[in-house]
>>> print(open('coords.txt').read())   # compact mmCIF, C-alpha atoms
# COMPACT_ATOMS: atom_id res chain seq x y z
CA MET A 1 -281.09 -67.94 5.88
CA ARG A 2 -278.15 -68.12 3.52
CA ILE A 3 -275.43 -70.47 4.70
CA LEU A 4 -271.85 -70.73 3.46
CA ASN A 5 -269.94 -73.89 4.32
CA VAL A 6 -266.21 -73.26 4.16
CA VAL A 7 -264.22 -76.44 3.60
CA GLU A 8 -260.51 -76.03 4.22
CA THR A 9 -259.24 -79.49 5.21
CA ALA A 10 -259.37 -82.12 2.54
CA TYR A 11 -259.17 -85.92 2.72
CA ARG A 12 -260.13 -85.95 6.37
CA GLY A 13 -261.48 -89.43 6.96
CA THR A 14 -262.71 -89.53 3.38
CA LEU A 15 -261.54 -93.09 2.75
CA GLU A 16 -263.34 -94.60 5.74
CA GLU A 17 -266.39 -92.41 5.20
CA GLN A 18 -266.31 -92.91 1.43
CA ASP A 19 -267.07 -89.22 1.07
CA ASP A 20 -266.22 -85.85 2.55
CA THR A 21 -268.43 -85.40 5.58
CA VAL A 22 -268.94 -81.68 5.05
CA LEU A 23 -269.84 -82.04 1.38
CA TRP A 24 -272.19 -84.83 2.46
CA LEU A 25 -273.77 -82.61 5.11
CA THR A 26 -274.10 -79.84 2.54
CA ALA A 27 -276.00 -82.17 0.22
CA ALA A 28 -278.21 -83.29 3.09
CA LEU A 29 -278.98 -79.73 4.13
CA LYS A 30 -279.71 -78.78 0.52
CA GLY A 31 -282.09 -81.71 0.34
CA GLN A 32 -283.85 -80.30 3.38
CA GLY A 33 -284.37 -77.05 1.55
CA ALA A 34 -281.53 -75.08 3.07
CA ASP A 35 -279.98 -72.27 1.07
CA VAL A 36 -276.42 -73.50 1.33
CA SER A 37 -273.28 -72.76 -0.67
CA VAL A 38 -269.70 -73.98 -0.43
CA LEU A 39 -266.32 -72.28 -0.43
CA LEU A 40 -263.34 -74.57 -0.98
CA ARG A 41 -260.07 -73.18 0.31
CA GLY A 42 -256.70 -74.45 1.39
CA ASN A 43 -256.04 -78.01 0.37
CA ALA A 44 -259.77 -78.60 -0.20
CA VAL A 45 -259.41 -76.99 -3.63
CA ASN A 46 -257.89 -80.29 -4.67
CA TYR A 47 -261.39 -81.77 -4.57
CA LEU A 48 -261.96 -80.05 -7.91
CA VAL A 49 -259.45 -82.17 -9.77
CA LYS A 50 -260.82 -84.78 -12.16
CA GLY A 51 -259.19 -88.17 -12.08
CA GLN A 52 -258.66 -88.62 -8.35
CA ASP A 53 -258.46 -92.35 -7.79
CA SER A 54 -258.50 -94.14 -4.46
CA THR A 55 -259.64 -97.50 -5.77
CA GLY A 56 -257.89 -100.69 -4.80
CA LEU A 57 -257.22 -99.89 -1.17
CA ALA A 58 -257.23 -102.90 1.08
CA ILE A 59 -256.47 -103.16 4.79
CA GLY A 60 -255.51 -106.80 5.09
CA PRO A 61 -258.53 -108.75 3.80
CA VAL A 62 -260.91 -105.80 3.97
CA THR A 63 -261.26 -103.78 0.79
CA LEU A 64 -262.66 -100.31 0.28
CA GLY A 65 -265.81 -101.13 -1.65
CA HIS A 66 -266.89 -97.65 -2.72
CA PRO A 67 -263.97 -95.25 -2.67
CA PRO A 68 -264.86 -91.58 -2.52
CA ARG A 69 -265.28 -89.67 -5.77
CA LEU A 70 -264.86 -86.23 -4.39
CA ASP A 71 -264.74 -84.34 -7.67
CA GLU A 72 -268.01 -85.98 -8.68
CA ASP A 73 -269.53 -85.13 -5.30
CA VAL A 74 -268.66 -81.47 -5.83
CA GLN A 75 -270.02 -81.65 -9.36
CA LYS A 76 -273.28 -83.12 -8.07
CA LEU A 77 -273.62 -80.27 -5.61
CA THR A 78 -273.36 -77.77 -8.42
CA GLU A 79 -275.97 -79.71 -10.37
CA LYS A 80 -278.30 -79.51 -7.38
CA GLY A 81 -277.97 -75.75 -7.41
CA VAL A 82 -275.38 -75.37 -4.67
CA LEU A 83 -273.05 -72.50 -5.49
CA VAL A 84 -269.47 -73.70 -5.17
CA PHE A 85 -266.66 -71.20 -4.87
CA ALA A 86 -262.95 -71.93 -4.70
CA VAL A 87 -259.96 -69.78 -3.84
CA ARG A 88 -257.89 -69.13 -6.94
CA GLU A 89 -254.58 -68.61 -5.16
CA ASP A 90 -254.94 -71.88 -3.23
CA ALA A 91 -255.44 -73.71 -6.53
CA ARG A 92 -252.53 -71.90 -8.14
CA ASP A 93 -250.23 -72.49 -5.18
CA ARG A 94 -250.93 -76.19 -5.46
CA GLY A 95 -250.33 -76.22 -9.21
CA LEU A 96 -253.80 -77.39 -10.17
CA ASP A 97 -254.13 -77.87 -13.92
CA PRO A 98 -257.05 -75.71 -15.10
CA GLY A 99 -257.73 -78.29 -17.77
CA ARG A 100 -258.50 -80.89 -15.11
CA ILE A 101 -260.90 -78.86 -12.99
CA ILE A 102 -264.58 -79.76 -12.90
CA SER A 103 -267.07 -77.32 -14.33
CA GLY A 104 -269.56 -75.19 -12.48
CA VAL A 105 -267.19 -73.76 -9.89
CA GLU A 106 -266.59 -70.06 -9.45
CA PHE A 107 -263.02 -69.10 -8.59
CA ILE A 108 -262.50 -66.07 -6.40
CA SER A 109 -259.41 -64.37 -5.07
CA ARG A 110 -258.44 -64.63 -1.44
CA THR A 111 -259.07 -60.92 -1.12
CA ASP A 112 -262.64 -61.41 -2.35
CA ILE A 113 -263.55 -63.71 0.51
CA ALA A 114 -264.48 -60.80 2.77
CA ASP A 115 -267.04 -59.61 0.21
CA LEU A 116 -268.31 -63.15 -0.30
CA LEU A 117 -269.00 -63.55 3.42
CA GLU A 118 -271.26 -60.51 3.27
CA LYS A 119 -273.67 -62.43 1.05
CA PHE A 120 -274.37 -64.99 3.75
CA ASP A 121 -276.16 -64.92 7.08
CA GLN A 122 -274.16 -67.79 8.53
CA VAL A 123 -270.60 -68.79 7.64
CA TRP A 124 -269.55 -72.17 8.97
CA HIS A 125 -265.86 -72.96 8.78
CA TRP A 126 -265.39 -76.76 8.85
CA MET B 127 -271.37 -52.72 8.06
CA SER B 128 -271.51 -56.21 9.54
CA ARG B 129 -270.22 -57.63 12.77
CA TYR B 130 -267.88 -60.57 12.74
CA LEU B 131 -266.43 -62.88 15.36
CA LEU B 132 -263.40 -64.81 14.15
CA ILE B 133 -262.11 -67.38 16.61
CA GLU B 134 -258.55 -68.59 16.04
CA SER B 135 -257.60 -71.70 17.95
CA ARG B 136 -254.38 -72.51 16.07
CA ASP B 137 -250.97 -71.01 16.44
CA PRO B 138 -249.70 -68.87 13.55
CA TRP B 139 -246.85 -71.23 12.72
CA GLU B 140 -248.99 -74.33 12.38
CA SER B 141 -250.01 -73.78 8.79
CA GLY B 142 -250.41 -71.15 6.15
CA ASP B 143 -254.13 -71.34 6.70
CA SER B 144 -253.74 -69.51 10.02
CA ARG B 145 -252.10 -66.59 8.23
CA HIS B 146 -255.04 -66.50 5.79
CA PHE B 147 -257.49 -66.41 8.67
CA TYR B 148 -255.72 -63.38 10.09
CA ASP B 149 -255.74 -61.84 6.61
CA LEU B 150 -259.48 -62.36 6.45
CA ALA B 151 -259.87 -60.50 9.74
CA THR B 152 -257.83 -57.55 8.48
CA ASP B 153 -259.58 -57.58 5.08
CA LEU B 154 -262.97 -57.40 6.77
CA ALA B 155 -261.81 -54.58 9.04
CA ALA B 156 -260.36 -52.71 6.06
CA LYS B 157 -263.79 -52.84 4.45
CA GLY B 158 -265.26 -51.15 7.49
CA HIS B 159 -266.75 -54.14 9.26
CA ASP B 160 -266.66 -54.54 13.02
CA VAL B 161 -264.31 -57.47 13.59
CA VAL B 162 -263.47 -59.24 16.80
CA LEU B 163 -260.66 -61.79 16.63
CA PHE B 164 -260.85 -64.06 19.67
CA LEU B 165 -257.70 -66.08 20.29
CA VAL B 166 -258.14 -69.29 22.22
CA GLN B 167 -256.13 -72.49 22.82
CA ASN B 168 -252.90 -72.45 20.80
CA GLY B 169 -254.16 -69.34 19.07
CA VAL B 170 -252.74 -67.32 21.97
CA LEU B 171 -249.20 -68.55 21.22
CA GLY B 172 -248.82 -65.80 18.63
CA VAL B 173 -249.43 -63.12 21.23
CA ARG B 174 -245.98 -62.88 22.83
CA LYS B 175 -244.20 -59.68 21.89
CA GLY B 176 -240.97 -61.58 21.40
CA SER B 177 -242.35 -64.05 18.88
CA SER B 178 -241.45 -64.05 15.21
CA SER B 179 -245.09 -63.65 14.16
CA THR B 180 -246.39 -60.20 13.33
CA LEU B 181 -249.93 -61.35 12.68
CA VAL B 182 -251.38 -60.21 15.98
CA GLN B 183 -249.73 -56.80 15.70
CA LYS B 184 -251.02 -56.40 12.14
CA ALA B 185 -254.53 -57.27 13.29
CA VAL B 186 -254.33 -54.70 16.09
CA ASP B 187 -252.98 -52.11 13.66
CA ALA B 188 -255.86 -52.87 11.29
CA LYS B 189 -258.35 -52.00 14.03
CA VAL B 190 -259.38 -55.61 14.59
CA LYS B 191 -260.39 -56.01 18.21
CA VAL B 192 -258.11 -58.82 19.42
CA LEU B 193 -259.40 -60.60 22.51
CA LEU B 194 -257.42 -63.25 24.37
CA ASP B 195 -258.92 -66.10 26.34
CA ASP B 196 -257.54 -65.69 29.86
CA PHE B 197 -257.54 -69.40 30.59
CA SER B 198 -255.60 -70.23 27.40
CA LEU B 199 -252.97 -67.62 28.31
CA ARG B 200 -252.61 -68.93 31.85
CA GLU B 201 -252.51 -72.52 30.64
CA ARG B 202 -249.52 -71.58 28.48
CA GLY B 203 -247.77 -69.36 31.03
CA ILE B 204 -248.14 -66.17 29.00
CA ASP B 205 -248.01 -63.28 31.40
CA ASP B 206 -249.63 -59.87 30.96
CA GLY B 207 -246.31 -58.21 30.29
CA GLU B 208 -245.56 -60.52 27.40
CA ARG B 209 -248.70 -59.74 25.40
CA THR B 210 -248.62 -57.72 22.22
CA GLY B 211 -249.88 -54.22 22.95
CA GLY B 212 -253.43 -53.39 21.93
CA THR B 213 -254.78 -56.85 22.71
CA THR B 214 -257.44 -57.25 25.38
CA LEU B 215 -257.65 -59.86 28.09
CA SER B 216 -260.97 -61.65 27.80
CA ASN B 217 -262.80 -64.85 28.65
CA ILE B 218 -265.33 -67.39 27.49
CA ASP B 219 -268.22 -65.44 29.02
CA THR B 220 -267.44 -62.58 26.66
CA LEU B 221 -267.18 -65.02 23.77
CA VAL B 222 -270.67 -66.27 24.57
CA ASP B 223 -271.97 -62.70 24.74
CA LEU B 224 -270.50 -62.00 21.32
CA LEU B 225 -272.07 -65.15 19.91
CA ALA B 226 -275.45 -64.46 21.49
CA ASP B 227 -275.29 -60.97 20.04
CA GLY B 228 -275.53 -62.52 16.59
CA ARG B 229 -272.08 -61.79 15.17
CA LYS B 230 -271.23 -63.85 12.12
CA ALA B 231 -268.98 -66.41 13.77
CA MET B 232 -266.23 -68.54 12.29
CA TRP B 233 -263.93 -70.89 14.16
CA HIS B 234 -260.53 -71.77 12.80
CA MET C 235 -286.51 -65.21 18.43
CA SER C 236 -285.43 -66.13 21.96
CA LYS C 237 -281.75 -66.37 22.52
CA ALA C 238 -280.48 -69.82 21.77
CA LEU C 239 -277.16 -70.94 20.45
CA THR C 240 -276.45 -73.92 18.27
CA ILE C 241 -273.00 -75.45 18.39
CA ALA C 242 -271.77 -78.16 16.05
CA ILE C 243 -268.79 -80.18 17.23
CA MET C 244 -266.79 -82.94 15.59
CA ASP C 245 -263.90 -84.02 17.78
CA ALA C 246 -263.74 -87.40 19.47
CA PRO C 247 -262.98 -87.48 23.20
CA TYR C 248 -259.44 -86.75 24.36
CA GLU C 249 -258.21 -85.79 20.90
CA SER C 250 -258.48 -82.03 20.82
CA ALA C 251 -258.53 -78.92 22.95
CA ASN C 252 -261.61 -77.95 20.94
CA THR C 253 -263.74 -80.27 23.05
CA THR C 254 -262.88 -78.61 26.33
CA THR C 255 -263.43 -75.17 24.87
CA ALA C 256 -266.78 -76.30 23.46
CA PHE C 257 -267.76 -77.51 26.93
CA ARG C 258 -266.66 -74.18 28.41
CA ILE C 259 -268.77 -72.26 25.88
CA ILE C 260 -271.81 -74.44 26.51
CA ALA C 261 -271.44 -74.10 30.29
CA ALA C 262 -271.04 -70.33 30.10
CA ALA C 263 -274.09 -70.01 27.87
CA LEU C 264 -276.24 -72.18 30.12
CA ALA C 265 -275.06 -70.28 33.20
CA LYS C 266 -276.42 -67.14 31.52
CA GLY C 267 -279.75 -68.87 30.94
CA ILE C 268 -279.19 -69.21 27.21
CA ASP C 269 -280.61 -72.35 25.61
CA VAL C 270 -277.99 -74.40 23.80
CA ASN C 271 -278.37 -76.94 21.03
CA VAL C 272 -275.46 -79.24 20.39
CA PHE C 273 -275.15 -81.20 17.18
CA ALA C 274 -272.49 -83.81 17.74
CA TYR C 275 -271.13 -84.80 14.35
CA GLU C 276 -268.58 -87.47 13.46
CA GLY C 277 -266.18 -88.24 16.32
CA ALA C 278 -268.07 -86.06 18.76
CA VAL C 279 -270.83 -88.68 19.03
CA ALA C 280 -268.45 -90.61 21.27
CA LEU C 281 -268.40 -87.85 23.87
CA ALA C 282 -271.57 -89.11 25.54
CA MET C 283 -270.77 -92.82 25.54
CA LYS C 284 -272.03 -94.41 28.71
CA ASP C 285 -269.27 -97.04 28.81
CA GLN C 286 -266.46 -94.53 29.36
CA GLN C 287 -264.56 -95.37 32.51
CA PRO C 288 -261.99 -93.40 34.47
CA HIS C 289 -258.70 -95.18 34.96
CA ALA C 290 -255.61 -95.28 37.15
CA ASN C 291 -252.35 -93.78 35.94
CA PRO C 292 -249.39 -96.15 36.11
CA VAL C 293 -246.94 -93.45 35.04
CA ARG C 294 -247.98 -91.27 37.96
CA GLY C 295 -248.62 -94.24 40.19
CA THR C 296 -252.14 -93.19 41.03
CA THR C 297 -255.19 -95.34 41.68
CA VAL C 298 -258.46 -94.78 39.89
CA GLU C 299 -259.69 -92.76 42.83
CA GLN C 300 -256.52 -90.73 43.14
CA GLU C 301 -256.33 -89.99 39.42
CA ASP C 302 -259.98 -88.91 39.34
CA HIS C 303 -259.75 -88.95 35.57
CA PRO C 304 -262.53 -86.95 33.92
CA THR C 305 -264.80 -88.55 31.38
CA THR C 306 -266.52 -86.52 28.70
CA ARG C 307 -269.80 -88.24 29.50
CA ALA C 308 -269.55 -86.85 33.03
CA PHE C 309 -268.97 -83.37 31.64
CA ILE C 310 -272.07 -83.71 29.48
CA ALA C 311 -274.14 -85.02 32.37
CA GLY C 312 -272.94 -82.01 34.33
CA LEU C 313 -273.98 -79.66 31.55
CA LEU C 314 -277.44 -81.24 31.42
CA ALA C 315 -277.74 -80.74 35.19
CA LEU C 316 -276.54 -77.16 34.88
CA ALA C 317 -279.17 -76.47 32.25
CA GLN C 318 -281.87 -77.71 34.57
CA GLU C 319 -280.54 -75.69 37.46
CA LYS C 320 -280.47 -72.50 35.40
CA GLY C 321 -283.83 -73.03 33.72
CA ALA C 322 -282.18 -73.29 30.32
CA ARG C 323 -282.54 -76.02 27.76
CA LEU C 324 -279.67 -78.14 26.55
CA GLN C 325 -280.45 -80.30 23.56
CA TRP C 326 -277.69 -82.76 22.76
CA VAL C 327 -278.17 -84.53 19.45
CA ASN C 328 -275.85 -87.21 18.12
CA CYS C 329 -275.71 -87.58 14.36
CA GLY C 330 -277.25 -91.01 13.85
CA LEU C 331 -275.16 -92.25 10.96
CA CYS C 332 -272.02 -91.14 12.76
CA VAL C 333 -273.22 -93.15 15.77
CA ASP C 334 -273.86 -96.23 13.69
CA GLU C 335 -270.48 -96.32 12.00
CA ARG C 336 -268.70 -95.85 15.33
CA GLY C 337 -270.85 -98.22 17.37
CA ALA C 338 -271.40 -95.34 19.77
CA GLY C 339 -275.07 -95.95 20.42
CA ASN C 340 -274.94 -96.52 24.17
CA TRP C 341 -275.05 -93.02 25.53
CA ILE C 342 -276.03 -91.29 28.75
CA GLU C 343 -279.52 -90.12 29.45
CA GLY C 344 -280.50 -86.76 28.04
CA VAL C 345 -278.84 -87.29 24.67
CA ARG C 346 -280.82 -88.23 21.59
CA ARG C 347 -280.25 -89.43 18.05
CA GLY C 348 -280.77 -87.12 15.11
CA GLY C 349 -279.43 -86.00 11.78
CA PRO C 350 -279.10 -83.11 9.36
CA PRO C 351 -282.81 -82.19 9.60
CA ASP C 352 -282.38 -81.73 13.35
CA PHE C 353 -279.28 -79.64 12.83
CA LEU C 354 -281.11 -77.43 10.37
CA ALA C 355 -284.07 -77.05 12.74
CA MET C 356 -281.69 -76.13 15.56
CA VAL C 357 -279.95 -73.57 13.38
CA GLU C 358 -283.18 -72.01 12.22
CA GLY C 359 -284.42 -71.76 15.80
CA SER C 360 -281.27 -70.14 17.15
CA SER C 361 -279.99 -66.61 17.25
CA ASN C 362 -276.57 -67.88 16.22
CA THR C 363 -274.64 -71.00 15.26
CA LEU C 364 -271.00 -71.84 15.81
CA VAL C 365 -269.33 -74.74 14.03
CA ILE C 366 -266.22 -76.04 15.78
CA PRO C 367 -264.50 -78.23 13.20
CA THR C 368 -262.00 -80.94 13.70
CA ARG C 369 -258.63 -80.76 12.00
>>> encode(input="coords.txt", output="structure tokens")
Amino acid sequence: MRILNVVETAYRGTLEEQDDTVLWLTAALKGQGADVSVLLRGNAVNYLVKGQDSTGLAIGPVTLGHPPRLDEDVQKLTEKGVLVFAVREDARDRGLDPGRIISGVEFISRTDIADLLEKFDQVWHW
Amino acid sequence: MSRYLLIESRDPWESGDSRHFYDLATDLAAKGHDVVLFLVQNGVLGVRKGSSSTLVQKAVDAKVKVLLDDFSLRERGIDDGERTGGTTLSNIDTLVDLLADGRKAMWH
Amino acid sequence: MSKALTIAIMDAPYESANTTTAFRIIAAALAKGIDVNVFAYEGAVALAMKDQQPHANPVRGTTVEQEDHPTTRAFIAGLLALAQEKGARLQWVNCGLCVDERGAGNWIEGVRRGGPPDFLAMVEGSSNTLVIPTR
């Protein structure tokens, strides 16, 4: 069974969780042997940007010990063999600097998404 | 040809992402796939003929089968006469049938 | 493969219309005799918390009894009863780590702890899976 996890909403509880819960679940499923890929769209394309920094956050006396490193998490997925796609227009609309994007990601056009979905048995939109 | 079930729970004005979900439905239909777009919750707010959104009409025109959750319509006071033509009154039982039938299902 | 549906949900109680719709889908499936697997992820693990209590409504001036405020745990208990009545199976699995971080471990009977391996097993044993995300 080929599974595509579509991540559209970024930074959703990522500070408290210290990661993105869908990227985390993807890694866990991959570890269980699932054939799982990721499509980043909408504001989730921002996960691809190197240099995101959420260190130093403190709520009163409580500090965030291990802030999320979302670009590294995506990079690790690619290194584990998870195919990661991202929507080109969503990156362009948000002015992402191509020079600051992690490697190993395949950009596709919005109009290519329909064809991409055909390659998967299950498409889960998170 | 594949069979898809796209479930839109958000209203078309909420974010640009809703428009892209509708575009996905029409893109899939244009490629010859069998696409059902099931509108539920605030997703039915785009159904009124008098609204400024043309997304539902475009989906209908693109041969996407647009189904409307009856409870969501009633909850929002959207009467039969207000609905965009070509949409079909439906319900959660039908949604379950479509899911159980194995359509590739995405919720937005 | 026998007909079974897996549904993943994420929303905490009282935060989203998604929860009610998810309950409606589960109920409709069970009423048709379809087995349902629910993977409660993130905030959804709080849906089955045993300590939920209905309350009065001071704005409306109602008592607890008059307000008859629903609890999501009661809805889930009702779904479990419906499953039994219809001869269908409802598996309700709370993501364990999500439970731990929320302190949501005191849940009603019929719910169990699990994790991604359970979700994958549910998915692989179902004719279809629907993920209902949170915002």
>>> closest_atom_pairs(input="coords.txt", of="chain B", to="chain A", cutoff="12 Å", atoms="only C-alpha atoms", output="CSV")
residue,atom,partner,partner_atom,distance
B:Met127,CA,A:Glu118,CA,9.1
B:Ser128,CA,A:Glu118,CA,7.6
B:Arg129,CA,A:Glu118,CA,10.0
B:Tyr130,CA,A:Leu117,CA,9.8
B:Leu131,CA,A:Val123,CA,10.6
B:Leu132,CA,A:His125,CA,10.1
B:Ile133,CA,A:His125,CA,10.3
B:Glu134,CA,A:His125,CA,11.2
B:Ser141,CA,A:Gly42,CA,10.0
B:Gly142,CA,A:Gly42,CA,8.6
B:Asp143,CA,A:Gly42,CA,6.7
B:Ser144,CA,A:Gly42,CA,10.4
B:Arg145,CA,A:Gly42,CA,11.4
B:His146,CA,A:Arg110,CA,8.2
B:Phe147,CA,A:Arg110,CA,10.3
B:Tyr148,CA,A:Ala114,CA,11.7
B:Asp149,CA,A:Thr111,CA,8.5
B:Leu150,CA,A:Ala114,CA,6.4
B:Ala151,CA,A:Ala114,CA,8.4
B:Thr152,CA,A:Ala114,CA,9.3
B:Asp153,CA,A:Ala114,CA,6.3
B:Leu154,CA,A:Ala114,CA,5.5
B:Ala155,CA,A:Ala114,CA,9.2
B:Ala156,CA,A:Ala114,CA,9.7
B:Lys157,CA,A:Ala114,CA,8.2
B:Gly158,CA,A:Ala114,CA,10.8
B:His159,CA,A:Ala114,CA,9.6
B:Val161,CA,A:Ala114,CA,11.3
B:Leu225,CA,A:Gln122,CA,11.9
B:Gly228,CA,A:Gln122,CA,9.7
B:Arg229,CA,A:Gln122,CA,9.2
B:Lys230,CA,A:Gln122,CA,6.1
B:Ala231,CA,A:Val123,CA,6.8
B:Met232,CA,A:His125,CA,5.7
B:Trp233,CA,A:His125,CA,6.1
B:His234,CA,A:His125,CA,6.8
>>> atom_distance(input="coords.txt", atom1="atom CA of Asp205 of chain B", atom2="atom CA of Val182 of chain B")
16.1 Å
>>> closest_residue(input="coords.txt", among="B:Thr213, B:Asp223, B:Ile204, B:Asp137", to="Arg174 of chain B", atoms="only C-alpha atoms")
B:Ile204
>>> interface_residues(input="coords.txt", of="chain C", to="chain B", cutoff="7 Å", atoms="all atoms listed in the file", output="PyMOL selection string")
chain C and resi 237+239+251+258-259+262-263+361-362+364-366
>>> interface_residues(input="coords.txt", of="chain C", to="chain A", cutoff="9 Å", atoms="all atoms listed in the file", output="number ranges by chain")
C: 276, 335, 350-351, 353-354, 358, 362-369
>>> residues_around(input="coords.txt", residues="Gly172 of chain B", least_positions_apart="3", cutoff="10 Å", atoms="only C-alpha atoms", output="list of chain:residue names")
B:Arg136, B:Asp137, B:Pro138, B:Trp139, B:Leu165, B:Asn168, B:Gly169, B:Lys175, B:Gly176, B:Ser177, B:Ser178, B:Ser179, B:Thr180, B:Leu181, B:Val182, B:Gln183, B:Arg209, B:Thr210
>>> residues_around(input="coords.txt", residues="Ala246 of chain C", least_positions_apart="5", cutoff="6 Å", atoms="all atoms listed in the file", output="ChimeraX atom specification")
/C:277-278,280
>>> write_last_selection(input="coords.txt", atoms="C-alpha atoms", output="short mmCIF file (atom, residue, chain, number, x, y, z; two decimals), keeping the file's coordinate frame")
data_model
loop_
_atom_site.label_atom_id
_atom_site.label_comp_id
_atom_site.auth_asym_id
_atom_site.auth_seq_id
_atom_site.Cartn_x
_atom_site.Cartn_y
_atom_site.Cartn_z
CA GLY C 277 -266.18 -88.24 16.32
CA ALA C 278 -268.07 -86.06 18.76
CA ALA C 280 -268.45 -90.61 21.27
#
>>> atom_distance(input="coords.txt", atom1="atom CA of Gly312 of chain C", atom2="atom CA of Gly348 of chain C")
21.4 Å
>>> atom_distance(input="coords.txt", atom1="atom CA of Ala242 of chain C", atom2="atom CA of Glu79 of chain A")
26.8 Å
>>> closest_residue(input="coords.txt", among="A:Gln18, A:Arg2, A:Ala91, A:Phe85", to="Gly65 of chain A", atoms="all atoms listed in the file")
A:Gln18
